[in-house]
Amino acid sequence: MAENKGLARAKQIYQDRDKRAKELKAQGGKIIGYFCIYPPLEMITALEMVPYRILGDMKEAITKADAYLPTVVCSFLRSCFDIGMKGRYEFLDGFIGVHVCDQCEKVAHLWRHYIKHPYSHFIDIPHTVHDASFEFFEAELNTFRKTLERFAGKELSPERLQGAISIHNEQRALVRELYELRKPDPPLLSGTETLEIMMALMSIPVEEGNQLLREVIKEVKERKDGPQKQSARLLIWGTPMDHVALLEMIEGCGSNVVMDDTCVGTRFYGPDVKPTENLLKGIAHRYLKDTRCPRTFRETGGTYRADLENRFDYLKGYAKGWNVNGVILQSIKYCDTHGYEVPAVKDYLEGLGLPVLFLEHEYSMLALAPLRTRAQAFLEMIR
Amino acid sequence: MATEEKKRAINRLAVSREFRALVDKMYLDGIEASRGGAPTAWAMVNWWQGDPILKAMDVVTVYPENYGAACAAAGAAEAYLERCETEGFPSHLCGYARNTLGYTAKMIELGEIPAEAPIGGMAKPVVLLSSGAFCDARYKWFQALGRYMDVPVWVLEWPTPGLKESAMEGVYEYTIEFMVRELREFVAFLERLLGKKMDWDKLSEVMDNVEQMFRVWHEANELRKAIPCPMHARDFWTCMVPCLYMSGEKESLQAYRELYDEVKQRVDGKIGAVADEKYRLLFAELPPWHSMRFFDSLAERGWNFVIESFAYHPPLPLDLAGVSDPLERIARYTYQVLAGRFHSALRAGEASGMVYPYLEWARDYKCDGAMLHPLISCRTATFYLMHARDRLMESLKVPSLVIEGDIVDLRVFDQTQALNEAEAFVETMEHYRRVREKEGLG
């Protein structure tokens, strides 16, 4: 039987996400559920509560949400709401909704109405990175601080917040170290394994996550049975992927998924909160500007090429650093922010000489099967 | 003869003809001005946030959302939608957006406005004015146009607080401050782009007209609470256009004054928009533009549509006597569009400030039912309709009839089926009328 640490523990947490959170709750801990990657988790950790990311369940048919949300709504969000309505998030003590995208905002309001938690808060987030946007976002974070402090019964002192920022930044550094292990050929860690680890990190307290990462990094560096070398080294871009099925299918067709640009991967863990005298200012910059998601409008750069460079230059870094030779853009149907982005990001990547495949799918296990043939054909092209 | 009778089933306001003429003039003026070399903006409907500023800077504004509806009505949209799809955009995106993307791709490829473009087409703009209001398409779609035109994009920020949070200390103040700062940046951006300075006196004058128009238009809609209701939703949809697209103009203000007078006369004379008003209904979301006769058929059965979605109505009046900065006046009114009823919604324990107006209006306008019209390619408009249906029933015992349609794809709306469903809905309305009486719900 595998020792319950490192990769085995990550897989176990991934498969039974709420187990640890429920244990902590039974011990008197407070678990705060949140949507998306924009709520500043440092503030929750600083007040000794556990942030827990609300995700969907691809294996569960959407049955209850249909009565509340039209079928033209993003099926990932419908799934989140569906399992919420079925009581799967009853253990949460609090809920944080955010105005990340229009649909996420609206689901958050319905969530507060139908799925009651002792605490809830909604954070508005500007669309732009204008100077005034940062100040507004900082003010929103300050409003959030007040309600969170009341619920926690503690003051969010600068010392507490600084401490939490350090721990979260440590996690980000460890994740970057983990991603370095995907650079060799073959990578030391598969895309599927990486996703399991990421999912585990979003389900346990940050310090436990850091310990898990140290174990995983050590294990992966020492193991001899990592992924096999494949001719295709892929970057995966797009909407939330909270189940390994798509990655297993793509890797199973004969590829190494070596890098990602999704909110369950690099977008979540990429940038640190930089040190600033006013800590909320640093947090506001990190979440609004440094986090890369199509939901934020970045100024156009004059020409289309300049605009693409301004919006997607980080993907060039990923492609070069991880020696990528193909990109799969994947998007859950009815995601507007990613949908509008597809031709532009495709133009940019093809401009770098990379072949690109766009896969649009519903958020369900059944919907993935027809994608296999397209993935196989794409990989044939790369070979 | 039968057609003549159908036309008379809804007693349309005489003044609505003037509104139609105003709208035609808006299109023609826009085309003339852009052909004459005037700077042109493509703008999202922005709920008076950017329009007064463009007007004060003498920028001619056209609205691709409105143009999408025009293309759909003229049967020109399908080719643009197909072109959009071949460009690689997913087919589930907003129909208006896909229409614009396809149109623009074709225009740039040809180097001129496509010959078949309805009402003269839209000339290449000097600026694209996006809005963060209500949906993501309305800033992502203009960003996506960068693929075809190197035209600068400005995104108007539209804060969207939660209900509970909107009432917290300091939130209103810092929200307005943010909006004003953003508007100031927008003015500076336009000044750089156009090489001219803002005429602040002109902007104040435009805002004076806008505010007066809001008040008159709001008061006219208040008069519709009368029984029988003097003005049908069809007149609302005709007459809302100058408010949304031609605000700040004296002609628009004058037209709304005339409208108010006519509606008031009808109230005084107890004249209804439907001869024998049997059922009073609320309509949620945009109507099936291509099948408006549908409402005449329902009017023959005594159905009067007395109120519609709040987003197309003017904001609740504000007393801004002490506010001299026109940008602050704009900010306060724009925020009022979204949050004007937030306090009432919060007091009522509602989840969404976007659903609460339906409840308030169904009660105040004494509605027997609601017709909800989900729009297949407009997620935002459709999102809350099921919640609205549930809340109308739970809180007021007002039933809803849900009929699917779309803003561009004309095939989705099946008029015959809709009329059949409406027939069955009469019994439902009768039933809940009795329930409301029994439960003292008015």
# chains A, B, ... in the order shown; residues from 1 in each chain; ligands from 1
>>> residues_around(residues="region 88-90 of chain B", least_positions_apart="6", cutoff="10 Å", atoms="only C-alpha atoms", output="list in words")
Ser331, Lys333, Tyr334, Cys335, Asp336, His338, Gly339, Tyr340, Glu341, Val342, Pro343, Ala344, Lys346, Phe358 and Glu360 of chain A; Leu81, Glu82, Arg98, Leu101, Gly102 and Ala144 of chain B
>>> closest_atom_pairs(of="chain B", to="chain A", cutoff="6 Å", atoms="only C-alpha atoms", output="CSV")
residue,atom,partner,partner_atom,distance
B:Gly88,CA,A:Pro343,CA,5.6
B:Cys135,CA,A:Asp102,CA,5.4
B:Asp136,CA,A:Asp102,CA,5.9
B:Gly146,CA,A:Tyr304,CA,5.7
B:Asp150,CA,A:Thr303,CA,5.3
B:Thr160,CA,A:Asp124,CA,5.9
B:Pro161,CA,A:Asp124,CA,5.4
B:Gly162,CA,A:Phe122,CA,5.5
B:Ala351,CA,A:His113,CA,5.2
B:Met386,CA,A:Tyr68,CA,5.5
B:His387,CA,A:Tyr68,CA,5.9
>>> closest_residue(among="A:Ile96, A:Ile283, A:Leu235, A:Cys293", to="Val356 (chain A)", atoms="only C-alpha atoms")
A:Leu235
>>> closest_residue(among="A:His243, A:Arg233, A:Arg383, A:His168", to="Gln15 (chain A)", atoms="only C-alpha atoms")
A:His243
>>> residues_around(residues="Gly56 (chain A)", least_positions_apart="6", cutoff="10 Å", atoms="only C-alpha atoms", output="VMD selection string")
chain A and resid 62 75 to 84 240 to 243 363 to 364
>>> write_last_selection(atoms="C-alpha atoms", output="mmCIF file, in the first residue's frame")
data_model
loop_
_atom_site.group_PDB
_atom_site.id
_atom_site.type_symbol
_atom_site.label_atom_id
_atom_site.label_comp_id
_atom_site.auth_asym_id
_atom_site.auth_seq_id
_atom_site.Cartn_x
_atom_site.Cartn_y
_atom_site.Cartn_z
ATOM 1 C CA ILE A 62 -26.916 18.443 -13.631
ATOM 2 C CA SER A 75 -22.102 24.323 -17.576
ATOM 3 C CA PHE A 76 -19.213 24.486 -15.116
ATOM 4 C CA LEU A 77 -21.064 27.106 -13.070
ATOM 5 C CA ARG A 78 -24.292 25.172 -13.467
ATOM 6 C CA SER A 79 -22.530 22.135 -12.076
ATOM 7 C CA CYS A 80 -21.155 24.114 -9.108
ATOM 8 C CA PHE A 81 -24.630 25.408 -8.348
ATOM 9 C CA ASP A 82 -26.170 21.998 -8.912
ATOM 10 C CA ILE A 83 -24.019 20.203 -6.366
ATOM 11 C CA GLY A 84 -24.420 23.165 -4.049
ATOM 12 C CA PRO A 240 -11.432 25.645 -15.534
ATOM 13 C CA MET A 241 -10.366 22.009 -15.656
ATOM 14 C CA ASP A 242 -11.165 20.464 -12.316
ATOM 15 C CA HIS A 243 -11.207 16.862 -13.449
ATOM 16 C CA TYR A 363 -18.682 20.268 -18.714
ATOM 17 C CA SER A 364 -19.449 16.568 -18.518
#
>>> residues_around(residues="Lys316 (chain A)", least_positions_apart="6", cutoff="12 Å", atoms="only C-alpha atoms", output="PDB file with C-alpha atoms, in the first residue's frame")
ATOM      1  CA  LEU A 235       0.416  23.674 -23.547  1.00  0.00           C
ATOM      2  CA  MET A 259       2.363  23.467 -19.275  1.00  0.00           C
ATOM      3  CA  ASP A 261      -2.700  28.443 -18.738  1.00  0.00           C
ATOM      4  CA  LEU A 308      -1.615  40.527 -28.944  1.00  0.00           C
ATOM      5  CA  GLU A 309       1.882  40.976 -27.560  1.00  0.00           C
ATOM      6  CA  ASN A 310       0.501  42.998 -24.674  1.00  0.00           C
ATOM      7  CA  TRP A 322       8.737  24.386 -21.494  1.00  0.00           C
ATOM      8  CA  ASN A 323       9.762  23.676 -25.074  1.00  0.00           C
ATOM      9  CA  VAL A 324       6.151  23.416 -26.225  1.00  0.00           C
ATOM     10  CA  ASN A 325       5.438  22.257 -29.779  1.00  0.00           C
ATOM     11  CA  VAL A 327      -1.225  24.080 -28.015  1.00  0.00           C
ATOM     12  CA  VAL A 345      -4.940  33.791 -28.861  1.00  0.00           C
ATOM     13  CA  TYR A 348      -0.776  34.895 -31.437  1.00  0.00           C
ATOM     14  CA  LEU A 349       0.310  31.298 -30.968  1.00  0.00           C
ATOM     15  CA  GLU A 350       0.287  30.508 -34.659  1.00  0.00           C
ATOM     16  CA  GLY A 351       2.397  33.627 -35.102  1.00  0.00           C
ATOM     17  CA  LEU A 352       4.943  31.899 -32.873  1.00  0.00           C
ATOM     18  CA  GLY A 353       4.871  28.942 -35.239  1.00  0.00           C
ATOM     19  CA  LEU A 354       2.887  26.703 -32.919  1.00  0.00           C
TER      20      LEU A 354
END
>>> select_by_dssp(residues="region 127-361 of chain B", states="helix (DSSP H, G or I)", output="ChimeraX atom specification")
/B:137-147,163-166,171-194,200-225,233-245,250-268,289-291,293-300,310-312,326-339,342-347,356-361
>>> decode(residues="region 132-158 of chain A", atoms="N, CA, C and O atoms", output="PDB file, in the first residue's frame")
ATOM      1  N   ALA A 132      -7.402  54.162 -11.372  1.00  0.00           N
ATOM      2  CA  ALA A 132      -8.567  54.263 -10.471  1.00  0.00           C
ATOM      3  C   ALA A 132      -9.121  52.884 -10.131  1.00  0.00           C
ATOM      4  O   ALA A 132      -9.705  52.683  -9.058  1.00  0.00           O
ATOM      5  N   SER A 133      -8.934  51.922 -11.036  1.00  0.00           N
ATOM      6  CA  SER A 133      -9.465  50.574 -10.798  1.00  0.00           C
ATOM      7  C   SER A 133      -8.788  49.928  -9.591  1.00  0.00           C
ATOM      8  O   SER A 133      -9.432  49.230  -8.804  1.00  0.00           O
ATOM      9  N   PHE A 134      -7.481  50.166  -9.464  1.00  0.00           N
ATOM     10  CA  PHE A 134      -6.774  49.577  -8.326  1.00  0.00           C
ATOM     11  C   PHE A 134      -7.288  50.154  -7.012  1.00  0.00           C
ATOM     12  O   PHE A 134      -7.451  49.449  -6.026  1.00  0.00           O
ATOM     13  N   GLU A 135      -7.521  51.466  -7.025  1.00  0.00           N
ATOM     14  CA  GLU A 135      -7.998  52.097  -5.783  1.00  0.00           C
ATOM     15  C   GLU A 135      -9.400  51.608  -5.433  1.00  0.00           C
ATOM     16  O   GLU A 135      -9.728  51.388  -4.274  1.00  0.00           O
ATOM     17  N   PHE A 136     -10.225  51.448  -6.464  1.00  0.00           N
ATOM     18  CA  PHE A 136     -11.571  50.937  -6.212  1.00  0.00           C
ATOM     19  C   PHE A 136     -11.500  49.504  -5.674  1.00  0.00           C
ATOM     20  O   PHE A 136     -12.178  49.148  -4.708  1.00  0.00           O
ATOM     21  N   PHE A 137     -10.666  48.691  -6.288  1.00  0.00           N
ATOM     22  CA  PHE A 137     -10.554  47.296  -5.856  1.00  0.00           C
ATOM     23  C   PHE A 137     -10.015  47.231  -4.422  1.00  0.00           C
ATOM     24  O   PHE A 137     -10.488  46.431  -3.600  1.00  0.00           O
ATOM     25  N   GLU A 138      -9.067  48.098  -4.146  1.00  0.00           N
ATOM     26  CA  GLU A 138      -8.524  48.144  -2.779  1.00  0.00           C
ATOM     27  C   GLU A 138      -9.631  48.511  -1.794  1.00  0.00           C
ATOM     28  O   GLU A 138      -9.728  47.935  -0.694  1.00  0.00           O
ATOM     29  N   ALA A 139     -10.473  49.460  -2.182  1.00  0.00           N
ATOM     30  CA  ALA A 139     -11.601  49.844  -1.310  1.00  0.00           C
ATOM     31  C   ALA A 139     -12.558  48.665  -1.131  1.00  0.00           C
ATOM     32  O   ALA A 139     -13.078  48.433  -0.028  1.00  0.00           O
ATOM     33  N   GLU A 140     -12.774  47.913  -2.199  1.00  0.00           N
ATOM     34  CA  GLU A 140     -13.629  46.722  -2.094  1.00  0.00           C
ATOM     35  C   GLU A 140     -13.018  45.699  -1.132  1.00  0.00           C
ATOM     36  O   GLU A 140     -13.724  45.055  -0.359  1.00  0.00           O
ATOM     37  N   LEU A 141     -11.706  45.559  -1.201  1.00  0.00           N
ATOM     38  CA  LEU A 141     -11.038  44.603  -0.302  1.00  0.00           C
ATOM     39  C   LEU A 141     -11.151  45.075   1.147  1.00  0.00           C
ATOM     40  O   LEU A 141     -11.269  44.270   2.077  1.00  0.00           O
ATOM     41  N   ASN A 142     -11.116  46.364   1.313  1.00  0.00           N
ATOM     42  CA  ASN A 142     -11.255  46.909   2.666  1.00  0.00           C
ATOM     43  C   ASN A 142     -12.667  46.651   3.215  1.00  0.00           C
ATOM     44  O   ASN A 142     -12.841  46.352   4.398  1.00  0.00           O
ATOM     45  N   THR A 143     -13.659  46.751   2.349  1.00  0.00           N
ATOM     46  CA  THR A 143     -15.034  46.432   2.760  1.00  0.00           C
ATOM     47  C   THR A 143     -15.144  44.944   3.098  1.00  0.00           C
ATOM     48  O   THR A 143     -15.770  44.558   4.088  1.00  0.00           O
ATOM     49  N   PHE A 144     -14.508  44.133   2.294  1.00  0.00           N
ATOM     50  CA  PHE A 144     -14.465  42.688   2.544  1.00  0.00           C
ATOM     51  C   PHE A 144     -13.804  42.417   3.902  1.00  0.00           C
ATOM     52  O   PHE A 144     -14.287  41.596   4.697  1.00  0.00           O
ATOM     53  N   ARG A 145     -12.710  43.119   4.145  1.00  0.00           N
ATOM     54  CA  ARG A 145     -11.993  42.938   5.421  1.00  0.00           C
ATOM     55  C   ARG A 145     -12.934  43.127   6.610  1.00  0.00           C
ATOM     56  O   ARG A 145     -12.919  42.337   7.559  1.00  0.00           O
ATOM     57  N   LYS A 146     -13.773  44.149   6.523  1.00  0.00           N
ATOM     58  CA  LYS A 146     -14.655  44.462   7.669  1.00  0.00           C
ATOM     59  C   LYS A 146     -15.620  43.311   7.966  1.00  0.00           C
ATOM     60  O   LYS A 146     -15.811  42.939   9.118  1.00  0.00           O
ATOM     61  N   THR A 147     -16.225  42.766   6.926  1.00  0.00           N
ATOM     62  CA  THR A 147     -17.200  41.688   7.187  1.00  0.00           C
ATOM     63  C   THR A 147     -16.495  40.400   7.616  1.00  0.00           C
ATOM     64  O   THR A 147     -16.983  39.657   8.450  1.00  0.00           O
ATOM     65  N   LEU A 148     -15.324  40.199   7.034  1.00  0.00           N
ATOM     66  CA  LEU A 148     -14.574  38.988   7.381  1.00  0.00           C
ATOM     67  C   LEU A 148     -14.099  39.049   8.837  1.00  0.00           C
ATOM     68  O   LEU A 148     -14.162  38.044   9.563  1.00  0.00           O
ATOM     69  N   GLU A 149     -13.651  40.214   9.239  1.00  0.00           N
ATOM     70  CA  GLU A 149     -13.207  40.381  10.638  1.00  0.00           C
ATOM     71  C   GLU A 149     -14.359  40.124  11.598  1.00  0.00           C
ATOM     72  O   GLU A 149     -14.188  39.467  12.633  1.00  0.00           O
ATOM     73  N   ARG A 150     -15.517  40.656  11.242  1.00  0.00           N
ATOM     74  CA  ARG A 150     -16.688  40.466  12.113  1.00  0.00           C
ATOM     75  C   ARG A 150     -17.011  38.980  12.256  1.00  0.00           C
ATOM     76  O   ARG A 150     -17.289  38.494  13.337  1.00  0.00           O
ATOM     77  N   PHE A 151     -16.941  38.287  11.134  1.00  0.00           N
ATOM     78  CA  PHE A 151     -17.272  36.858  11.176  1.00  0.00           C
ATOM     79  C   PHE A 151     -16.215  36.066  11.951  1.00  0.00           C
ATOM     80  O   PHE A 151     -16.539  35.163  12.731  1.00  0.00           O
ATOM     81  N   ALA A 152     -14.959  36.431  11.741  1.00  0.00           N
ATOM     82  CA  ALA A 152     -13.880  35.687  12.400  1.00  0.00           C
ATOM     83  C   ALA A 152     -13.764  36.062  13.878  1.00  0.00           C
ATOM     84  O   ALA A 152     -13.196  35.307  14.675  1.00  0.00           O
ATOM     85  N   GLY A 153     -14.283  37.248  14.215  1.00  0.00           N
ATOM     86  CA  GLY A 153     -14.139  37.721  15.593  1.00  0.00           C
ATOM     87  C   GLY A 153     -12.706  38.123  15.913  1.00  0.00           C
ATOM     88  O   GLY A 153     -12.268  38.101  17.057  1.00  0.00           O
ATOM     89  N   LYS A 154     -11.989  38.492  14.882  1.00  0.00           N
ATOM     90  CA  LYS A 154     -10.577  38.888  15.054  1.00  0.00           C
ATOM     91  C   LYS A 154     -10.280  40.074  14.150  1.00  0.00           C
ATOM     92  O   LYS A 154     -10.955  40.256  13.126  1.00  0.00           O
ATOM     93  N   GLU A 155      -9.244  40.779  14.516  1.00  0.00           N
ATOM     94  CA  GLU A 155      -8.828  41.894  13.669  1.00  0.00           C
ATOM     95  C   GLU A 155      -7.771  41.413  12.676  1.00  0.00           C
ATOM     96  O   GLU A 155      -6.887  40.617  13.029  1.00  0.00           O
ATOM     97  N   LEU A 156      -7.898  41.901  11.458  1.00  0.00           N
ATOM     98  CA  LEU A 156      -6.906  41.538  10.439  1.00  0.00           C
ATOM     99  C   LEU A 156      -5.741  42.527  10.550  1.00  0.00           C
ATOM    100  O   LEU A 156      -5.679  43.517   9.820  1.00  0.00           O
ATOM    101  N   SER A 157      -4.846  42.248  11.465  1.00  0.00           N
ATOM    102  CA  SER A 157      -3.723  43.177  11.688  1.00  0.00           C
ATOM    103  C   SER A 157      -2.727  43.046  10.538  1.00  0.00           C
ATOM    104  O   SER A 157      -2.668  42.002   9.872  1.00  0.00           O
ATOM    105  N   PRO A 158      -1.922  44.085  10.315  1.00  0.00           N
ATOM    106  CA  PRO A 158      -0.889  43.994   9.259  1.00  0.00           C
ATOM    107  C   PRO A 158       0.043  42.813   9.488  1.00  0.00           C
ATOM    108  O   PRO A 158       0.472  42.167   8.537  1.00  0.00           O
TER     109      PRO A 158
END
